[in-house]
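Presented below is the structure to which this report refers.
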Amino acid sequence: MTQERSLPLRAVPFMTVAAALVLAAFIGCHNPTSSPEDANKPRADIIRIDGLKQFGSLERPAVVYLHEKHTQALAKKSKDCATCHLADKKYMSTKFMRLKDASKQQTMDIYHNNCTACHRQTAAAGEKAGPVACNECHVDREIPSSWTQIGMDKSLHYRHVKAQENKCEVCHHQVDPLTKKLVYVKGKEDDCRYCHLDQTVANVISMRLASHEQCIDCHRKRLAQNQDAGPAFCGGCHDAGLQKKIQKLKDVPRLMRGQPDVTLIQAVKNDGQKVEPFTRMSVAPFNHIGHETYNDTCRACHHSSMDACGKCHTLQGSKDGKFVNLRTAMHRVSAQASCMGCHDAFQADKRCAGCHASMPRKDWPELAGCGSCHMPKPAAVTPQTEPKAMAAMLLEARKPVTATYSDEDIPETVEIKTLSKQFEPAKLPHRKIVQTLVKNLKDSKLAGAFHRDPGTICQGCHHNSPVAKKPPACASCHGQPFDGRNLFKPGLQAAYHLQCMECHKDMGIEKPAATNCTGCHKEKL
Amino acid sequence: MSISRRTFLGWLGAAGVGTTLGRPAQAAGTANFTGYPDALGVLFDATRCIGCRKCEEACNKVNELPAPVKPFSDLAVLERRRRTDAKTYTVVNRYENVPGAKGPLYRKIQCNHCLEPACASACFVRAFAKNSSGAVTYDESVCVGCRYCMIACPFEIPAYEYDKAFTPRIMKCTFCQPRLLKGQLPGCVEICPSEALTFGKRRNLLKIARERIGQFPARYIDHIYGETEMGGTAWLTVSGVPFRELGMREDLGTTPAPELTKGALSVVPIVAGLWPVLLTGIYAISQRKDKVAREEQAAAVAEAVTQVRAEAKAKLAEALAKADKDKKAAIDKEVKMALADAAKAKAQESAAAPAAAPEKKPS
């Protein structure tokens, strides 16, 4: 078994895998998977034993160790994890035959003495045994890996909640600031990753180590008692194929931790003073309960703590929020946890990409779109109205629906004849296109929230002009190509072609092919 | 006169020293050239290209190039990566399965009309010219067919008419310079249905490109290919995927090609101006040396001949003298012998019998 704790950062992914495997391994004493090794079958239990890296560069290639191969062999002899792993006070160490890495020589000897001793004994007993010569273990091997990271999604979390009978303290804990001991505080459960980072920092062990110690320990104990338990071998959690077989519950009850159903995005000044919702600009109501259903973890938005956004991301920006002010935190398109960053990611969907892929990607929203979130004060609101009540009112008034004009207002076909020279005019099935776009978005609440105006959907093609039932013709802006006075505007022909072809490409519409002229235009005879 | 190895190396050394004496000629370098102020260009937007090959067709038509084997409507051609060739100024290639792209991507390839063209920097007969319109044009009347331009071009654009035995030309996109001069759009730009090719002043195209990247940061790579590549090109490209995925070189750097060659090319005036003088001088010196040597040799020979002749004459005289002496001696001897004989005979006669005259002892 290897231990890679103090390895350089770039080794983290690999090490994560390795550690996962290590831990999974001690538990995996009775291991349902991996029948006789298929050399080319991707494995999730590949560990690179390179723990000596922490003492300097390696003299020989790291040993590629297959954890499950060993646990299975030991299981046949009724030997368990303790054969290789020493137990600390609470959990079994993930290291091989030791609790700590003392020195390079000592660590190396532990491996050399114990590995080869076991291999020799096994061979002496006339059984199939591992190698004892240096270059039989220390050899560069590439074994296909099926390792995949695993996370606690809502379904998996709920299954744990059920199995533990709502005893959150089984897993959740925090450091008591006075006693410096781990305690559980009801209603203050946090995401593991808030404290357990990628690397062990001071006394807080890495997420990898924490999950391998705690998860596997629990799984093993329950397995020993013949209780329903999660996997205790590498592949059970980390094999891509097996991971997919983990049961997913459809209806997961809402996870309650004191969060609101709906709320107003509340700006807070650096001195902690809340900004009155109506003093500056229209407020943005936030449907918290709705967003819970779209995300698998709280961490998707609450990236560093379960507090309200405004606590760290103050109006002006504060040290706690790394000086990212509220405006940036909500709007920055390139930030994953921001409102716009997350919404923007949805635009890669085929249903959206036809229009949105051609729209410039700005890190800040177009001003015209502000009203979709920032809503004017409802008439019924008084200064005494509770923010939550106000949010509910605003959201009520904002029913998401992708709207469009009535059929008779949408021209059925549009004949593009301005440029017909070699070809007959192209007939654009205009109404069908609009209806298809709207139909595609019927079930999307996100799209509905932003396409409430019937003219919005038209703007996918009829861009750069005010929303109108009768938008200007393409030729009112696009004319001759390569106009030095309008550098960035394509000519009319290119405008048509780019609009149609790029939309088709982004929406995955393969016919007619872009190179098939007669698919859209009949050739002139 | 024959040149010995030593002489040749000596000349070379002298010539080398000569080249280092010259100041780098600023004319060949373009330290601060950022293109003609109102030069035109084209912005190719790879996110807009649909791969219809209309640009290829229009290019072929307006440039009166030979008809291709397969019609331009045949999009199966895109299954193969193509290059520009002597009959094709522009091609569109398709790139499948590009990571991060929703579907196939396309790239149009043609001459990028560098602000400081590598082809022109490599051409020693000035067959290439960067026009104030932005176009890099080629003059076949002066081309000697060395094809250095083909090697120099970092985009591998110029092609050669290998199939023409007597009048082969370099062939490449002209930016439709003749059409530009008439106020018309380049053929490819005019036909492009989706303005994947945007035409305009290069400085405006850069603004347009930046605007697109700024408005759609997720759609585009934040780079305008050609803004600085090889010192900048008139044709620019924006793309949603790394440019290497579209087969474009990302290793070109921002140094214009002439910058790379100006060190070597700046010595051309020296080589052209100084070398003849230098070499003529060296030649003259060596000629004079030879002449002097010849004269000296001639004098020496003459002297030697004179001397030899004199010696021979002396010898002859001596020999003659000796011969005369010998002859005289012989005569004297004969005379003496004759006189002796005569005296002997006279003595015999006189002594009459036994009395013998004293006998001369043989020597």
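Residues in the structure tokens are named by chain (A, B, ... in the order shown) and by number from 1 within that chain; ligands are numbered from 1 in the order shown.
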At most 12 Å to chain B: residues in chain A, only C-alpha atoms, as JSON, numbers by chain: {"A": [333, 334, 345, 348, 356, 357, 358, 359, 360, 361, 362, 363, 364, 419, 422, 480, 481, 482, 483, 484, 485, 486, 487, 488, 489, 490, 491, 492, 493, 494, 495, 496, 497, 498, 499, 500, 501, 502, 505, 506, 507, 508, 510, 513, 514, 515, 516, 517]}
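Backbone DSSP of region 132-217 of chain B yields strand (DSSP E or B) at Val136, Thr137, Tyr138, Ala159, Tyr160, Ile170, Met171, Leu197, Thr198, Phe199, Gly200 and Lys201 of chain B.
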Residue list (alpha helix (DSSP H), DSSP) for region 157-306 of chain B, as a PyMOL selection string: chain B and resi 177-181+187-191+202-215+257-265+268-306
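Distances from A:Ile143, A:Ile110, A:Cys461, A:Ala426 to Lys524 (chain A) were compared using only C-alpha atoms, and the smallest one belongs to A:Ala426.
Between Phe33 (chain B) and the candidates B:Glu140, B:Thr174, B:Ala323, B:Pro256, the tightest atom-to-atom separation, counting only C-alpha atoms, involves B:Pro256.
Atom pair CA of Asp88 (chain A) / CA of Thr122 (chain A) has a distance of 27.6 Å (rounded to one decimal).
Coordinates place CA of Val189 (chain B) at a distance of 25.8 Å from CA of Glu161 (chain B).
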Surrounding residues of Tyr91 (chain A) excluding itself and chain neighbours under 2 positions, 10 Å, only C-alpha atoms, as a ChimeraX atom specification: /A:86-89,93-94,212-214,216-218
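The spacing separating CA of Gly455 (chain A) from CA of Ala284 (chain A) amounts to 22.4 Å.
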Exercise: Leu115 (chain B) partners within 7 Å, only C-alpha atoms, chain neighbours under 2 positions left out, as a PyMOL selection string: chain B and resi 35+113+117+231-234
